[in-house]
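Visitor: Dropping the structure in here first, questions after.
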Amino acid sequence: MVDSIEYEVPMWNQIYEMLFELSEKISKNGYSLDVIVGIARGGIIPTGILSDLLSVRQITMLQIEFYTNIAKPGMQPVITQFLNAAAAVAGKRVLVVDDISDSGQSLKTAKQYLIETCGAVEVKIATLYAKTATQVTPDFVGKTTDSWIVFPWEIKETLQSILQKHDCKKAANNEFVKLLNAGLPKELLEKVFKTLQEPKL
């Protein structure tokens, strides 16, 4: 149930350490990749860091929309931003990067698109996290979990979703306490929360 969600809140230094370890796994595996395809939005920052760590300069982005709210996925993942040029991956070995493999459906969609439509010769997947029940197990993964991960790049979105999900202020506050207990700094929560309360001009 959504109300029984447990959160995990990795901070920037933890994210970098996980990506460093992922880059070592990829290097030791001997996968000679040509291009990194990040899944927007969650994969944007991990893609940039892995590009640096793996010394792969060719990167491109693919946007796929799936979740409508916390733990409430849409019916099917939809590609909302295609590659600017399929030639970017045609005949090449590709590493798809995202922050998490939840159901795995978005990653499955991305892999099929890159191979069947864009002509990639090989596609492997790397994610920071994977859920234990994912239908697509990444080739390279930092950690497996059942928690709802709140990444540094989606804190405001998470707080907004909690407010929209709960009619009762007490229930929303309980979720915020769980976030604090999971490691979200109180000062940061208060700063971001304040932006949600300020009237828009």
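As shown in the structure tokens, the chain order sets the letters A, B, ...; within each chain, residues go from 1, and ligands are also counted from 1 in the order they appear.
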Please run DSSP on the backbone and report, as a PyMOL selection string, all residues within segment 13-189 of chain A that come out as strand (DSSP E or B).

Guide: chain A and resi 35-40+59-69+72-81+93-101+122-131+140-145+148-149

Visitor: Can you spit out the residues from that selection as a CSV table (one decimal), in the first residue's frame, using C-alpha atoms?

Guide:
chain,number,residue,atom,x,y,z
A,35,VAL,CA,27.5,6.0,-26.6
A,36,ILE,CA,25.5,6.6,-23.4
A,37,VAL,CA,21.8,7.1,-23.6
A,38,GLY,CA,20.3,8.7,-20.5
A,39,ILE,CA,16.6,8.4,-19.6
A,40,ALA,CA,15.2,11.8,-18.8
A,59,ILE,CA,25.9,11.0,-24.9
A,60,THR,CA,22.2,11.6,-25.9
A,61,MET,CA,18.9,11.6,-24.1
A,62,LEU,CA,15.6,9.8,-24.4
A,63,GLN,CA,12.6,10.9,-22.4
A,64,ILE,CA,10.0,8.4,-21.2
A,65,GLU,CA,7.0,9.2,-19.0
A,66,PHE,CA,5.5,6.6,-16.8
A,67,TYR,CA,4.7,7.6,-13.2
A,68,THR,CA,1.8,9.9,-12.4
A,69,ASN,CA,2.4,10.0,-8.6
A,72,LYS,CA,1.2,5.1,-8.9
A,73,PRO,CA,2.5,4.3,-12.4
A,74,GLY,CA,0.6,5.1,-15.6
A,75,MET,CA,-0.7,2.3,-17.8
A,76,GLN,CA,2.2,2.1,-20.2
A,77,PRO,CA,5.5,4.0,-20.5
A,78,VAL,CA,5.5,6.5,-23.4
A,79,ILE,CA,8.5,7.9,-25.2
A,80,THR,CA,7.8,11.7,-25.2
A,81,GLN,CA,11.2,12.8,-26.6
A,93,ARG,CA,27.1,-0.5,-28.4
A,94,VAL,CA,24.9,1.5,-26.1
A,95,LEU,CA,24.7,2.0,-22.3
A,96,VAL,CA,21.3,3.1,-21.1
A,97,VAL,CA,21.4,5.0,-17.9
A,98,ASP,CA,18.6,5.7,-15.4
A,99,ASP,CA,18.3,6.4,-11.7
A,100,ILE,CA,16.2,3.4,-10.9
A,101,SER,CA,14.6,0.3,-12.5
A,122,GLU,CA,24.0,-4.0,-28.3
A,123,VAL,CA,22.3,-2.3,-25.4
A,124,LYS,CA,23.2,-2.7,-21.7
A,125,ILE,CA,21.5,-1.0,-18.8
A,126,ALA,CA,22.9,0.7,-15.7
A,127,THR,CA,20.9,2.1,-12.8
A,128,LEU,CA,21.7,3.4,-9.4
A,129,TYR,CA,18.9,1.4,-7.8
A,130,ALA,CA,16.6,-1.5,-8.8
A,131,LYS,CA,13.5,-2.7,-7.1
A,140,PHE,CA,24.9,-3.0,-13.8
A,141,VAL,CA,23.1,-1.8,-10.7
A,142,GLY,CA,24.3,-0.1,-7.5
A,143,LYS,CA,21.7,-1.3,-5.0
A,144,THR,CA,18.5,-3.4,-4.8
A,145,THR,CA,15.7,-2.1,-2.6
A,148,TRP,CA,10.8,4.6,-2.5
A,149,ILE,CA,14.0,6.4,-3.4

Visitor: Restricting the calculation to only C-alpha atoms, which member of A:Ser27, A:Thr158, A:Gln105, A:Gln164 is positioned closest to Phe176 of chain A?

Guide: A:Thr158
